[in-house]
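Trainee: One structure coming up, written as structure tokens, with questions to follow.
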Amino acid sequence: MADLADDIKVEVQLPPEEGDNLLTNTSGQYGAWQWAPDSLTTNVTITGDPVARTIKLQRGGTAGSTGIWTDPLPVTPGMYANARVDLTAITTGHKVTLGLQFYNSAYQVISWHYSSPSTALDTLAFSSVTIPGTAAYARLFVVLDKTADPNPDTGSANANALATFTKAMVTEVTGAGLPSVVRTNLMPNGGFQYSTTGWTVGQNIASISRFEYVGGAWVLRADTSETTLSNGEGCYVHGPYVSDIVGGENYSLRVDVRVDVMTDGHTLEPTMYYCWYNDSNAQIGSCTFVDSGVTDGSWVQFWRIITAPAGATKLRINPGMRHRGPPILVAAGWDFDVDSVSVVQSSALMPYWDGDTADTSSHVYDWTGTAGNSPSTRSSVGAVEYVEPDEQFIDVTGGYNQFTIERDELDISTMNGIVVDPALSPARADSMIKPGRGIRVWAYRPETEAFERLFTGKLGPCSVEYDPLEDEKRNKLKITVTSTGRESTLAQASRPGVALTAAGLPALALSSAGVPWVVDGSTAITPATSVADNESASALDQVALTRDTVGGTAWIDPTGTLQFETTLGAKSTGPDTMGPADYSAAGLKVGFSTDNLINQVLVTRLIRASDGSTEERTAGQTYEDGASVREWGAHSYPLTIASTPGATSDAEVAAQRILDGNATPTLAIEQVEVNSADERTHAFHDLYDLVTVTADTIDGEVIKALRIARRKDEFTTEKRPGGQGRWRTTYGFKVEGVVASPSIQPPLSSGAPSAARGTVTTYISTAASVPTGGWATTPGFSTVLDSASDTAALADLGCSYSSGVITVTTAGFLTIGIRYRAGATVAGLFAARLLVNGTSAKEIVDPSWNTNCTIEAELTRHFDANDQITMQIYNNTGASRALNTGSTGTSFCVTRY
């Protein structure tokens, strides 16, 4: 048995500490995960760019509401919240508002807070907002609307308008006021205002010097020696070794480079490369080159996030210029300039500073040692300083561990086992092993010299067993741990909307479901319309249904990310061949069974009928491979797909896809077992890797191209002198082209009839007056609404209206909004609110009615059948006020999703 004590890590997530950023996807690192369109915003795309570190919200081809929200963030009542984003782009004629809304445990709105709107590329922030005593969650929201729009909570942007931002943050602290945050630029000399200390000549450079650039700024100027450059070769200077690097951490690297345009017409492009080192200045891995393609003599700003490899303690930056094309002769004295070099530990891009940077009202700058030859700090003063997301995990690998990880296509993965270590007992008040906390399992991969994730999930129930007969104290306490993968998170998220294609999954199933995704290579959310509804379905059900509809593949990878591929290529995360020398003979299973074939397919289509309800329609025939049925007997497969009423061939296409790959039984390599403790070559395959497997059987050699459909890891580790361990990995296969296991969809909701999705907006048709001095139920809306068609349309959405009260007749997720517009501006205060069953659920106060004669309130949530929503307005102007009528006047709107 091998010694695995230091090669396997089990980590449990720590609860957030005071001042931590409650958001994880702050700058698009994970695409659009943790962000969702405003429920009224049905035509908005959200895109996260992990390279540029930005999040973009963009309106589609029509004008309308344009806002996005984070998923609900748990908060602590009585503490103080700080929030911010940095705007990086905004369409001309538009503004952006930042807001924070608080909810109780039933997800009912308690209160909200807005920033001042901004039309400039700056920081939007607010601080010291008291978290209400009944609050359980908060959601940060960003709204894009026209500059002239007075309402910050709904937003109405022009077609194709956009905004991008970075460094989103929500923190909570115990006291009002702003804590100081200190960041350090680790580059000791990146501004050259004192000297070129620490910098040295490199390839093809004769000398370096300080040069006073335009405007009085100092730069490093490098002059070349005479040399010949072939394609790809360059001239470089070497920066000092930047110390205090920590392996695994992210760093914001910036360096500016400019190359002179030569008088003889030759041009070289600014470039740079960086290398990592250990304490002995031994290089770790290969250097990374970054080119620009710029040849016009302008400054190029190399600005990116880089991650230090394991064991790195130093970094060296090497700016220069590079030649592309046939060989050229570089004359002595050709030059390039370098400026503004910085290295800051951060997962977000940081600006350049040093100790000579002028102090501002929000930041103070200092050298940590000698000016021009030491790191420099930036300390926040009176500003909402950005805090990096920092998910903290602690290693809970015990003295003795025995556990099993099982992953199987789109089924819920598990990690269960035993930990023997008294210090980790969940019975202790300070124990880290608590149900509900995140858990990760890592294993060391020798070829990459790094730990790789094997499992990501959440702890379930844990138990402790005390054995009084055990001799050694360390063995007396046995902890049983259970956990499930992120499939369980998707299984707990209710998602009624059915997507016809993979592109619709993020909007209809994955947004706010708690799991990051990559769908056909995209991490964005794009507008989508459901083609059917099932109130009983979960996000996991919808992913499986779309997979079966398009013939795709879906799985949760070891990092906890949902991967969906409509067409799966030759994917492999390890060697793509596996022979008898790679696995144990005892663990090989080769078999032939007619139970594995499918030669009949019965297709059920989910469609939305003309009345808005969802129906299950069975195809009028059973699709079959007649020759296979006659030879092997009937082997049926039930298949449910999403469809549309006008579709004529989708059932046949889906059925034929299954028959083509499964109607003929073959000799199958079903399973192999690998000793991952001694040989890690095949220890890191993911589900659906394509591997060619060779096996020797009684009928000769069998060679199959197979997909990994199941994976099971069994570990035993022991941390003590002479302790040993075992790691056995079992892979289960299916032949390329064979379908995933049947997805059994939950039954359609019964009881109340289904309601259509859509929006109804109705306007008052007769003038009405709002009395002064108190709340008044909405006047002016006739019981017949604006027309008979409005009444029918509202009924289709599962609602009815009478005398200022909307009654929900069919439960579901709705937005109900009211909009009041007065005939003339008047001085005084107006307010609007929505009551649910007599309790105020949303209230908007407008103290500036004299300049803003429109006020809106909207409420988005799940409503139960028979819920009543009362629409009220408050007039404190001293006199009754008339409301406008017609299409630009007072209205209410109901949207069902």
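Labels for the structure tokens follow display order: chains A, B, ..., residues from 1 in each chain, ligands from 1.
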For segment 383-386 of chain A, work out the shell of residues within 7 Å, counting only C-alpha atoms and skipping chain neighbours fewer than 4 positions away, then give it as an MDAnalysis selection string.
Mentor: chainID A and resid 82 84 125 127 167 169 178 181 362
Trainee: Keeping only C-alpha atoms, write the selected residues as a short mmCIF file (atom, residue, chain, number, x, y, z; two decimals), in the first residue's frame.
Mentor:
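And here's result33.cif as it stands now:
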```cif
data_model
loop_
_atom_site.label_atom_id
_atom_site.label_comp_id
_atom_site.auth_asym_id
_atom_site.auth_seq_id
_atom_site.Cartn_x
_atom_site.Cartn_y
_atom_site.Cartn_z
CA ASN A 82 -21.51 48.20 2.32
CA ARG A 84 -20.13 48.87 -4.64
CA ALA A 125 -21.13 52.70 -3.77
CA SER A 127 -22.00 52.29 3.06
CA LYS A 167 -15.53 44.59 -8.59
CA MET A 169 -19.20 43.73 -3.59
CA LEU A 178 -15.59 52.24 6.76
CA VAL A 181 -8.10 48.34 3.55
CA SER A 362 -10.13 58.14 -0.52
#
```
Trainee: Find the residues near Asp541 of chain A: any atom within 12 Å, counting only C-alpha atoms, skip ones fewer than 6 places away on the same chain, and give them as a VMD selection string.
Mentor: chain A and resid 410 to 412 487 to 499 505 508 to 510 533 to 535 547 to 548 554 640 to 642 742 to 747
Trainee: How would the residues just chosen look if you wrote them out with N, CA, C and O atoms as a compact mmCIF listing (two decimals), in the first residue's frame?
Mentor:
```
# COMPACT_ATOMS: atom_id res chain seq x y z
N LEU A 410 -25.76 12.18 -14.78
CA LEU A 410 -26.43 13.33 -14.18
C LEU A 410 -27.12 12.96 -12.87
O LEU A 410 -27.93 13.72 -12.35
N ASP A 411 -26.81 11.79 -12.32
CA ASP A 411 -27.33 11.44 -11.01
C ASP A 411 -26.61 12.25 -9.93
O ASP A 411 -25.53 12.79 -10.16
N ILE A 412 -27.19 12.29 -8.75
CA ILE A 412 -26.59 13.04 -7.65
C ILE A 412 -25.36 12.31 -7.14
O ILE A 412 -25.43 11.16 -6.71
N GLU A 487 -25.26 18.40 -7.95
CA GLU A 487 -26.51 17.96 -8.59
C GLU A 487 -27.68 18.14 -7.63
O GLU A 487 -28.79 18.45 -8.05
N SER A 488 -27.42 17.92 -6.32
CA SER A 488 -28.49 18.05 -5.33
C SER A 488 -28.97 19.49 -5.24
O SER A 488 -30.14 19.75 -4.96
N THR A 489 -28.07 20.44 -5.44
CA THR A 489 -28.47 21.86 -5.44
C THR A 489 -29.43 22.13 -6.59
O THR A 489 -30.45 22.81 -6.41
N LEU A 490 -29.12 21.60 -7.77
CA LEU A 490 -30.03 21.77 -8.91
C LEU A 490 -31.35 21.06 -8.67
O LEU A 490 -32.41 21.53 -9.09
N ALA A 491 -31.29 19.91 -7.99
CA ALA A 491 -32.51 19.14 -7.73
C ALA A 491 -33.44 19.85 -6.76
O ALA A 491 -34.64 19.57 -6.73
N GLN A 492 -32.91 20.78 -5.97
CA GLN A 492 -33.73 21.49 -4.98
C GLN A 492 -34.26 22.82 -5.50
O GLN A 492 -35.03 23.48 -4.82
N ALA A 493 -33.84 23.23 -6.70
CA ALA A 493 -34.27 24.51 -7.27
C ALA A 493 -35.47 24.28 -8.18
O ALA A 493 -35.37 23.60 -9.21
N SER A 494 -36.63 24.81 -7.82
CA SER A 494 -37.83 24.65 -8.63
C SER A 494 -37.73 25.50 -9.89
O SER A 494 -37.47 26.70 -9.83
N ARG A 495 -37.91 24.86 -11.05
CA ARG A 495 -37.82 25.56 -12.33
C ARG A 495 -38.89 25.01 -13.27
O ARG A 495 -38.71 23.96 -13.88
N PRO A 496 -40.01 25.70 -13.44
CA PRO A 496 -41.08 25.17 -14.29
C PRO A 496 -40.83 25.31 -15.79
O PRO A 496 -41.35 24.52 -16.57
N GLY A 497 -40.06 26.31 -16.22
CA GLY A 497 -39.94 26.60 -17.64
C GLY A 497 -39.13 25.57 -18.40
O GLY A 497 -38.02 25.21 -17.99
N VAL A 498 -39.64 25.11 -19.53
CA VAL A 498 -39.00 24.08 -20.36
C VAL A 498 -38.28 24.75 -21.52
O VAL A 498 -38.87 25.54 -22.25
N ALA A 499 -37.00 24.42 -21.69
CA ALA A 499 -36.20 24.97 -22.79
C ALA A 499 -36.20 24.01 -23.97
O ALA A 499 -36.03 22.80 -23.80
N LEU A 505 -31.28 27.10 -21.53
CA LEU A 505 -31.12 26.57 -20.18
C LEU A 505 -30.67 27.61 -19.15
O LEU A 505 -31.20 27.65 -18.04
N LEU A 508 -33.75 29.84 -18.23
CA LEU A 508 -34.94 29.15 -17.74
C LEU A 508 -34.67 28.20 -16.58
O LEU A 508 -35.55 27.98 -15.75
N ALA A 509 -33.47 27.62 -16.51
CA ALA A 509 -33.22 26.58 -15.50
C ALA A 509 -32.05 26.88 -14.57
O ALA A 509 -32.10 26.55 -13.39
N LEU A 510 -30.99 27.51 -15.07
CA LEU A 510 -29.75 27.58 -14.30
C LEU A 510 -29.55 28.88 -13.55
O LEU A 510 -28.86 28.91 -12.53
N ASP A 533 -44.46 24.11 -19.52
CA ASP A 533 -44.25 24.36 -18.10
C ASP A 533 -44.58 23.12 -17.29
O ASP A 533 -45.50 22.38 -17.63
N ASN A 534 -43.79 22.94 -16.24
CA ASN A 534 -44.08 21.86 -15.29
C ASN A 534 -43.72 22.37 -13.92
O ASN A 534 -42.54 22.46 -13.56
N GLU A 535 -44.72 22.74 -13.13
CA GLU A 535 -44.48 23.31 -11.81
C GLU A 535 -43.79 22.32 -10.87
O GLU A 535 -43.24 22.72 -9.84
N ARG A 547 -31.30 17.84 -22.38
CA ARG A 547 -30.31 16.87 -22.87
C ARG A 547 -30.97 15.83 -23.76
O ARG A 547 -30.47 15.51 -24.85
N ASP A 548 -32.08 15.27 -23.30
CA ASP A 548 -32.75 14.24 -24.08
C ASP A 548 -33.38 14.81 -25.35
O ASP A 548 -33.49 14.11 -26.36
N ALA A 554 -24.73 15.98 -20.43
CA ALA A 554 -24.68 16.90 -19.29
C ALA A 554 -24.10 16.18 -18.09
O ALA A 554 -24.42 15.02 -17.84
N THR A 640 -38.85 11.38 -23.15
CA THR A 640 -39.64 12.61 -23.08
C THR A 640 -38.81 13.74 -23.65
O THR A 640 -37.64 13.92 -23.29
N ILE A 641 -39.40 14.52 -24.55
CA ILE A 641 -38.70 15.65 -25.15
C ILE A 641 -39.57 16.90 -25.07
O ILE A 641 -40.80 16.81 -24.94
N ALA A 642 -38.94 18.06 -25.15
CA ALA A 642 -39.67 19.32 -25.30
C ALA A 642 -40.01 19.51 -26.77
O ALA A 642 -39.22 19.16 -27.65
N PRO A 742 -32.26 6.85 -19.19
CA PRO A 742 -33.52 7.58 -19.39
C PRO A 742 -33.77 8.60 -18.30
O PRO A 742 -33.50 8.35 -17.13
N SER A 743 -34.26 9.77 -18.69
CA SER A 743 -34.61 10.81 -17.74
C SER A 743 -36.11 10.71 -17.47
O SER A 743 -36.92 10.92 -18.37
N ILE A 744 -36.46 10.34 -16.26
CA ILE A 744 -37.88 10.23 -15.90
C ILE A 744 -38.33 11.59 -15.39
O ILE A 744 -37.92 12.04 -14.33
N GLN A 745 -39.18 12.25 -16.16
CA GLN A 745 -39.63 13.59 -15.80
C GLN A 745 -40.72 13.52 -14.74
O GLN A 745 -41.54 12.60 -14.73
N PRO A 746 -40.74 14.49 -13.81
CA PRO A 746 -41.80 14.50 -12.80
C PRO A 746 -43.16 14.73 -13.46
O PRO A 746 -43.23 15.35 -14.53
N PRO A 747 -44.24 14.23 -12.85
CA PRO A 747 -45.56 14.42 -13.45
C PRO A 747 -45.91 15.90 -13.49
O PRO A 747 -45.48 16.69 -12.65
```
Trainee: Tell me which of A:Val290, A:Val261, A:Met321, A:Val481 sits closest to Glu233 of chain A, counting only C-alpha atoms.
Mentor: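 Checking each candidate against Glu233 of chain A, we get A:Met321 as the closest.
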Trainee: Between A:Tyr80, A:Trp353, A:Tyr273, A:Trp35, which has the minimum distance to Phe289 of chain A (counting only C-alpha atoms)?
Mentor: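 Among the listed residues, the smallest separation from Phe289 of chain A belongs to A:Tyr273.
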Trainee: Neighbours of segment 247-251 of chain A within 9 Å (only C-alpha atoms; same-chain residues fewer than 5 positions away dropped), as a PyMOL selection string?
Mentor: chain A and resi 304-313+343-349
Trainee: Keeping C-alpha atoms, export the residues of the selection given above as a short mmCIF file (atom, residue, chain, number, x, y, z; two decimals), in the first residue's frame.
Mentor:
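See out.cif below for the written result:
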```
data_model
loop_
_atom_site.label_atom_id
_atom_site.label_comp_id
_atom_site.auth_asym_id
_atom_site.auth_seq_id
_atom_site.Cartn_x
_atom_site.Cartn_y
_atom_site.Cartn_z
CA ARG A 304 -3.98 40.87 -16.56
CA ILE A 305 -4.71 38.47 -13.71
CA ILE A 306 -2.09 35.75 -13.25
CA THR A 307 -2.02 32.83 -10.82
CA ALA A 308 1.14 31.79 -8.98
CA PRO A 309 1.90 28.05 -9.30
CA ALA A 310 2.49 25.85 -6.26
CA GLY A 311 5.90 26.49 -4.69
CA ALA A 312 6.36 29.94 -6.23
CA THR A 313 7.71 32.66 -3.95
CA VAL A 343 2.20 43.40 -8.98
CA VAL A 344 -0.69 43.37 -6.47
CA GLN A 345 -2.22 40.29 -4.84
CA SER A 346 -5.75 40.52 -6.19
CA SER A 347 -8.32 38.67 -8.29
CA ALA A 348 -9.34 41.99 -9.85
CA LEU A 349 -7.28 44.33 -12.01
#
```
Trainee: So that I can check the surroundings of Asn158 of chain A, please list as an MDAnalysis selection string every protein, DNA and RNA residue that reaches within 12 Å of it, counting only C-alpha atoms and ignoring chain neighbours fewer than 4 positions away.
Mentor: chainID A and resid 43:44 58:66 90:95 144:149 162:163
Trainee: Could you give me, as an MDAnalysis selection string, the residues within 6 Å of segment 15-28 of chain A, counting only C-alpha atoms and dropping anything in the same chain fewer than 4 positions from it?
Mentor: chainID A and resid 48:50 53:55 166:173 387 389
Trainee: Report as a JSON list (two decimals) with C-alpha atoms, in the first residue's frame: the residues of segment 543-651 of chain A with a DSSP assignment of strand (DSSP E), based on the backbone of this structure.
Mentor:
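Output saved as part-v4.json:
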```json
[["chain", "number", "residue", "atom", "x", "y", "z"],
["A", 553, "THR", "CA", -24.57, 15.38, -22.78],
["A", 554, "ALA", "CA", -24.68, 16.90, -19.29],
["A", 555, "TRP", "CA", -22.69, 16.34, -16.13],
["A", 556, "ILE", "CA", -21.29, 18.11, -13.08],
["A", 562, "LEU", "CA", -22.48, 22.00, -14.85],
["A", 563, "GLN", "CA", -21.13, 21.07, -18.26],
["A", 564, "PHE", "CA", -23.62, 20.78, -21.13],
["A", 565, "GLU", "CA", -22.61, 19.85, -24.67],
["A", 577, "THR", "CA", -5.83, 5.07, -24.35],
["A", 578, "MET", "CA", -6.08, 2.45, -21.61],
["A", 589, "LYS", "CA", -15.69, -6.54, -16.56],
["A", 590, "VAL", "CA", -16.46, -7.52, -20.16],
["A", 591, "GLY", "CA", -19.92, -8.67, -21.04],
["A", 600, "GLN", "CA", -38.11, 0.46, -29.60],
["A", 601, "VAL", "CA", -38.60, 4.08, -28.51],
["A", 602, "LEU", "CA", -41.84, 5.54, -27.19],
["A", 603, "VAL", "CA", -41.67, 9.35, -27.39],
["A", 604, "THR", "CA", -43.70, 11.73, -25.21],
["A", 605, "ARG", "CA", -43.71, 15.41, -26.21],
["A", 606, "LEU", "CA", -44.24, 18.27, -23.74],
["A", 607, "ILE", "CA", -45.96, 21.15, -25.52],
["A", 608, "ARG", "CA", -47.94, 24.27, -24.67],
["A", 614, "THR", "CA", -48.96, 22.19, -20.89],
["A", 615, "GLU", "CA", -49.84, 18.81, -22.35],
["A", 616, "GLU", "CA", -48.06, 15.48, -22.61],
["A", 617, "ARG", "CA", -48.64, 14.17, -26.11],
["A", 618, "THR", "CA", -47.53, 10.68, -27.03],
["A", 623, "TYR", "CA", -40.42, 3.95, -33.36],
["A", 624, "GLU", "CA", -38.45, 0.75, -33.76],
["A", 636, "SER", "CA", -38.23, -0.44, -25.17],
["A", 637, "TYR", "CA", -36.97, 2.96, -24.06],
["A", 638, "PRO", "CA", -39.25, 5.77, -22.82],
["A", 639, "LEU", "CA", -38.18, 9.22, -24.02],
["A", 640, "THR", "CA", -39.64, 12.61, -23.08],
["A", 641, "ILE", "CA", -38.70, 15.65, -25.15],
["A", 642, "ALA", "CA", -39.67, 19.32, -25.30]]
```
Trainee: Rounded to one decimal place, report the atom CA of Met350 of chain A-atom CA of Thr123 of chain A distance in Å.
Mentor: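 Atom CA of Thr123 of chain A lies at a distance of 13.6 Å from atom CA of Met350 of chain A.
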Trainee: If we count only C-alpha atoms and set the cut-off at 9 Å, which residues sit around Trp276 of chain A, ignoring sequence neighbours fewer than 5 positions away in its own chain? Please answer as number ranges by chain.
Mentor: A: 281-287, 308-309, 312-316
Trainee: Write a file of the just-selected residues containing C-alpha atoms, as a PDB file, in the first residue's frame.
Mentor:
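Output saved as again_22.pdb:
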```pdb
ATOM      1  CA  ASN A 281      15.642  31.531  -7.704  1.00  0.00           C
ATOM      2  CA  ALA A 282      15.067  28.260  -9.554  1.00  0.00           C
ATOM      3  CA  GLN A 283      12.469  28.753 -12.295  1.00  0.00           C
ATOM      4  CA  ILE A 284       9.130  26.947 -11.883  1.00  0.00           C
ATOM      5  CA  GLY A 285       7.581  25.796 -15.149  1.00  0.00           C
ATOM      6  CA  SER A 286       7.807  27.739 -18.395  1.00  0.00           C
ATOM      7  CA  CYS A 287       7.701  31.496 -18.825  1.00  0.00           C
ATOM      8  CA  ALA A 308       1.136  31.786  -8.985  1.00  0.00           C
ATOM      9  CA  PRO A 309       1.904  28.047  -9.301  1.00  0.00           C
ATOM     10  CA  ALA A 312       6.358  29.941  -6.230  1.00  0.00           C
ATOM     11  CA  THR A 313       7.713  32.656  -3.948  1.00  0.00           C
ATOM     12  CA  LYS A 314       9.061  35.122  -6.546  1.00  0.00           C
ATOM     13  CA  LEU A 315       8.037  36.643  -9.870  1.00  0.00           C
ATOM     14  CA  ARG A 316      10.099  38.344 -12.558  1.00  0.00           C
TER      15      ARG A 316
END
```
Trainee: Using only C-alpha atoms, which protein or nucleic acid residues come within 10 Å of Leu121 of chain A? Drop anything in the same chain fewer than 4 positions from it, and give the result as a PyMOL selection string.
Mentor: chain A and resi 86-90+96+163-165
Trainee: Quick one: which segment 248-356 of chain A residues come within 9 Å of segment 370-374 of chain A, and what is the nearest atom pair for each with the distance in Å to one decimal, counting only C-alpha atoms, rows ordered by chain and ascending number, as a Markdown table?
Mentor:
```
| residue | atom | partner | partner_atom | distance |
| --- | --- | --- | --- | --- |
| A:Asp354 | CA | A:Gly372 | CA | 8.2 |
| A:Gly355 | CA | A:Ala371 | CA | 7.0 |
| A:Asp356 | CA | A:Ala371 | CA | 8.0 |
```
